[in-house]
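Here is the structure we will look at.
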Amino acid sequence: MSVQTTEVQRGVPGDPGVLDLVDPKTFLENDMAAYWDRMRADHPVYWQPATPERRGFWVVSRYTDVQALFRDNKRLTSERGNVLVTLLAGGDSAAGKMLAVTDGRRHKNLRNVMLKAFSPRALAKVSGIVRENTRRLLSEAIRRGEGDFAADVASVVPMTTVGGLLGVPVADHPYLLNLTKSCLSSDEADQAPEEAFLARNEILLYFSDLVAERREKPQDDVISTLTRSDIEGVPLSDQDIVFNCYSLLLGGDETSRLSMIETLYTLSRETGEWQRLRDGAVDLETATEEILRWATPAMNFGRHATTDFELHGRQIKEGDIVTLWQMSANRDETVFPDPYTLDLARTPNKHITFGYGPHFCIGAYLARVEVKEMLDALRTFSKGFEVAGEPRRIHSNLMQGMSYLPMRYVPDERGLAAG
């Protein structure tokens, strides 16, 4: 018997423990590891039922399916949103302008423009700045002996990096950081939707002003490069540039910041892995990939179906929302042996923290550099560390991680002296 597509019949009849994946509290109050284990095993394509307030949507949890659908730009589109807040709202005003919610030929051309802005010369320069900033901030935090790692290091390095690339004045970094923390997540419970909306608009307005300035007085930064760029002879509009600056800012800040915080928290508990890192028994690049798999700061992304198709016997209809859950895929035991064990020497490690296919994260290189430099500085300047208070997790149905992580450090005086 075929699976019907009505709201009543799409769900798994009699399935206990159905969680509301739209509610941020779900991810703080439940054992999500057990939930995703069960979903991958028994319900790899699951219909999250509608409520009186919102539509239902498909939930895809297995690695091979998530990877394949990330790559599929024929049966799925990003142009009606790629995160739950816009998917459920019915669309994204940045569609066709912002790389993340643009498909087809326009996406390919826009991506090529963005990649030119992230030239090897620009990235090489930024890599040196990341190393310098990370070592300075972390050594200062370790010398103090105690403090909030999230505020002292993890919130500063990514914003300095992406802000520097975009040409954002250093004095404006704290202002933008505060806004990015409210756009797609919240440090506090029960943030009103209006606050997130206002934060997103404040960022767009900020970049509107900065784009106007760069058109008048270009500098050596990404925004200035974009003001001189065109697609098939048509210059990028202010809206094109503003929306992509917004996307770069959020992507460049949140992924790295949350991964760095999770790294310190996890290594404080996984002392064996910390010792392997400190002893040089694991390669830094390999360790970085495992950290990124382990943290998986972006829990999911979504698409709209452009046609009817079937997956694992489930009938997905044109117009349906399909959500792809990296947080589950990166713990898929068929791809990652012993997935709930942190193994800094894990190889191969084909995680999909940055997505996959046409929309693979354009800032992946920078995120990798930031995590790698933090790991290197950590093993150079500290003999050990421990959590010195109660961490606080963010509230979101998109991002996962911590907003506050009090730490106590044991300095390595020889490493600190050598710098």
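Residue numbering restarts at 1 in every chain; chains get A, B, ... in the order shown in the structure tokens, and ligands count up from 1 in that same order.
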| said: If we count only C-alpha atoms and set the cut-off at 12 Å, which residues sit around A:Asp172, ignoring sequence neighbours fewer than 6 positions away in its own chain? Please answer as a list in words. | reply: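 Everything that qualifies: Met159, Thr160, Gly163, Gly164, Asn178, Leu179, Ile203, Tyr206, Phe207 and Leu210 of chain A.
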| field | Spatial neighbours of A:Arg331, 8 Å, only C-alpha atoms, chain gap at least 5 places, as a PyMOL selection string | value | chain A and resi 336+339-340
Go ahead and write the selection's residues with C-alpha atoms as a tab-separated table (two decimals), in the first residue's frame.
```tsv
chain	number	residue	atom	x	y	z
A	336	PHE	CA	31.99	6.47	11.07
A	339	PRO	CA	30.87	7.52	16.03
A	340	TYR	CA	30.34	8.63	19.64
```
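When only C-alpha atoms are used to compute distances to A:Lys74, the closest of the residues A:Gly419, A:Gly104, A:His312, A:Gly251 turns out to be A:Gly104.
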| request: Please identify which residues in stretch 164-278 of chain A DSSP calls strand (DSSP E) from the backbone, and express them as a list in words. | output: Asp230, Ile231, Val234 and Pro235 of chain A
Skipping near chain neighbours, those fewer than 5 positions away, what residues fall within 6 Å of stretch 289-306 of chain A using only C-alpha atoms, listed as an mmCIF file with C-alpha atoms, in the first residue's frame?
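And here is the file that came out, out.cif:
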```
data_model
loop_
_atom_site.group_PDB
_atom_site.id
_atom_site.type_symbol
_atom_site.label_atom_id
_atom_site.label_comp_id
_atom_site.auth_asym_id
_atom_site.auth_seq_id
_atom_site.Cartn_x
_atom_site.Cartn_y
_atom_site.Cartn_z
ATOM 1 C CA ARG A 75 14.683 17.446 -7.398
ATOM 2 C CA LEU A 76 15.398 19.974 -4.636
ATOM 3 C CA THR A 77 15.840 23.725 -4.532
ATOM 4 C CA SER A 78 17.278 26.168 -2.007
ATOM 5 C CA ASN A 82 17.468 26.695 3.410
ATOM 6 C CA VAL A 83 16.867 27.023 7.177
ATOM 7 C CA THR A 255 30.683 27.657 12.565
ATOM 8 C CA SER A 259 33.422 24.492 16.972
ATOM 9 C CA GLU A 318 6.467 18.696 -5.127
ATOM 10 C CA GLY A 319 6.485 21.654 -2.742
ATOM 11 C CA ASP A 320 7.296 19.590 0.366
ATOM 12 C CA ILE A 321 9.977 20.808 2.743
ATOM 13 C CA VAL A 322 12.872 18.342 3.066
ATOM 14 C CA THR A 323 15.311 18.842 5.945
ATOM 15 C CA LEU A 324 18.765 17.234 5.925
ATOM 16 C CA TRP A 325 20.287 16.595 9.341
ATOM 17 C CA GLN A 326 24.089 16.728 9.459
ATOM 18 C CA MET A 327 24.056 16.222 13.226
ATOM 19 C CA LEU A 344 41.609 12.764 16.663
ATOM 20 C CA HIS A 351 32.073 14.430 7.490
ATOM 21 C CA THR A 353 29.761 19.566 8.538
ATOM 22 C CA LEU A 398 19.651 25.321 13.496
ATOM 23 C CA MET A 399 22.902 25.725 15.450
ATOM 24 C CA GLN A 400 24.246 23.768 18.408
#
```
| task | Show which residues sit within 10 Å of A:Asp343, as a PyMOL selection string. Count only C-alpha atoms, and ignore same-chain residues fewer than 2 positions away. | result | chain A and resi 270+272-273+276+282+286-287+290-291+294+338-341+345-347
| Polymer residues at most 8 Å from A:Glu188, only C-alpha atoms, same-chain spacing of 2 or more positions, as an MDAnalysis selection string | chainID A and resid 186 190:191 394:395
Only N, CA and C atoms, please: the residues just picked out, written as an mmCIF file, in the first residue's frame.
```
data_model
loop_
_atom_site.group_PDB
_atom_site.id
_atom_site.type_symbol
_atom_site.label_atom_id
_atom_site.label_comp_id
_atom_site.auth_asym_id
_atom_site.auth_seq_id
_atom_site.Cartn_x
_atom_site.Cartn_y
_atom_site.Cartn_z
ATOM 1 N N SER A 186 20.090 31.901 19.987
ATOM 2 C CA SER A 186 19.998 32.868 21.074
ATOM 3 C C SER A 186 20.775 32.347 22.271
ATOM 4 N N ASP A 190 13.739 31.416 25.005
ATOM 5 C CA ASP A 190 12.502 32.146 24.669
ATOM 6 C C ASP A 190 12.740 33.519 24.069
ATOM 7 N N GLN A 191 13.765 33.633 23.234
ATOM 8 C CA GLN A 191 13.940 34.893 22.516
ATOM 9 C C GLN A 191 12.760 35.086 21.566
ATOM 10 N N ILE A 394 23.505 27.346 23.648
ATOM 11 C CA ILE A 394 22.651 28.256 22.893
ATOM 12 C C ILE A 394 21.283 27.611 22.664
ATOM 13 N N HIS A 395 20.324 28.429 22.279
ATOM 14 C CA HIS A 395 18.959 27.977 22.007
ATOM 15 C C HIS A 395 18.702 28.184 20.513
#
```
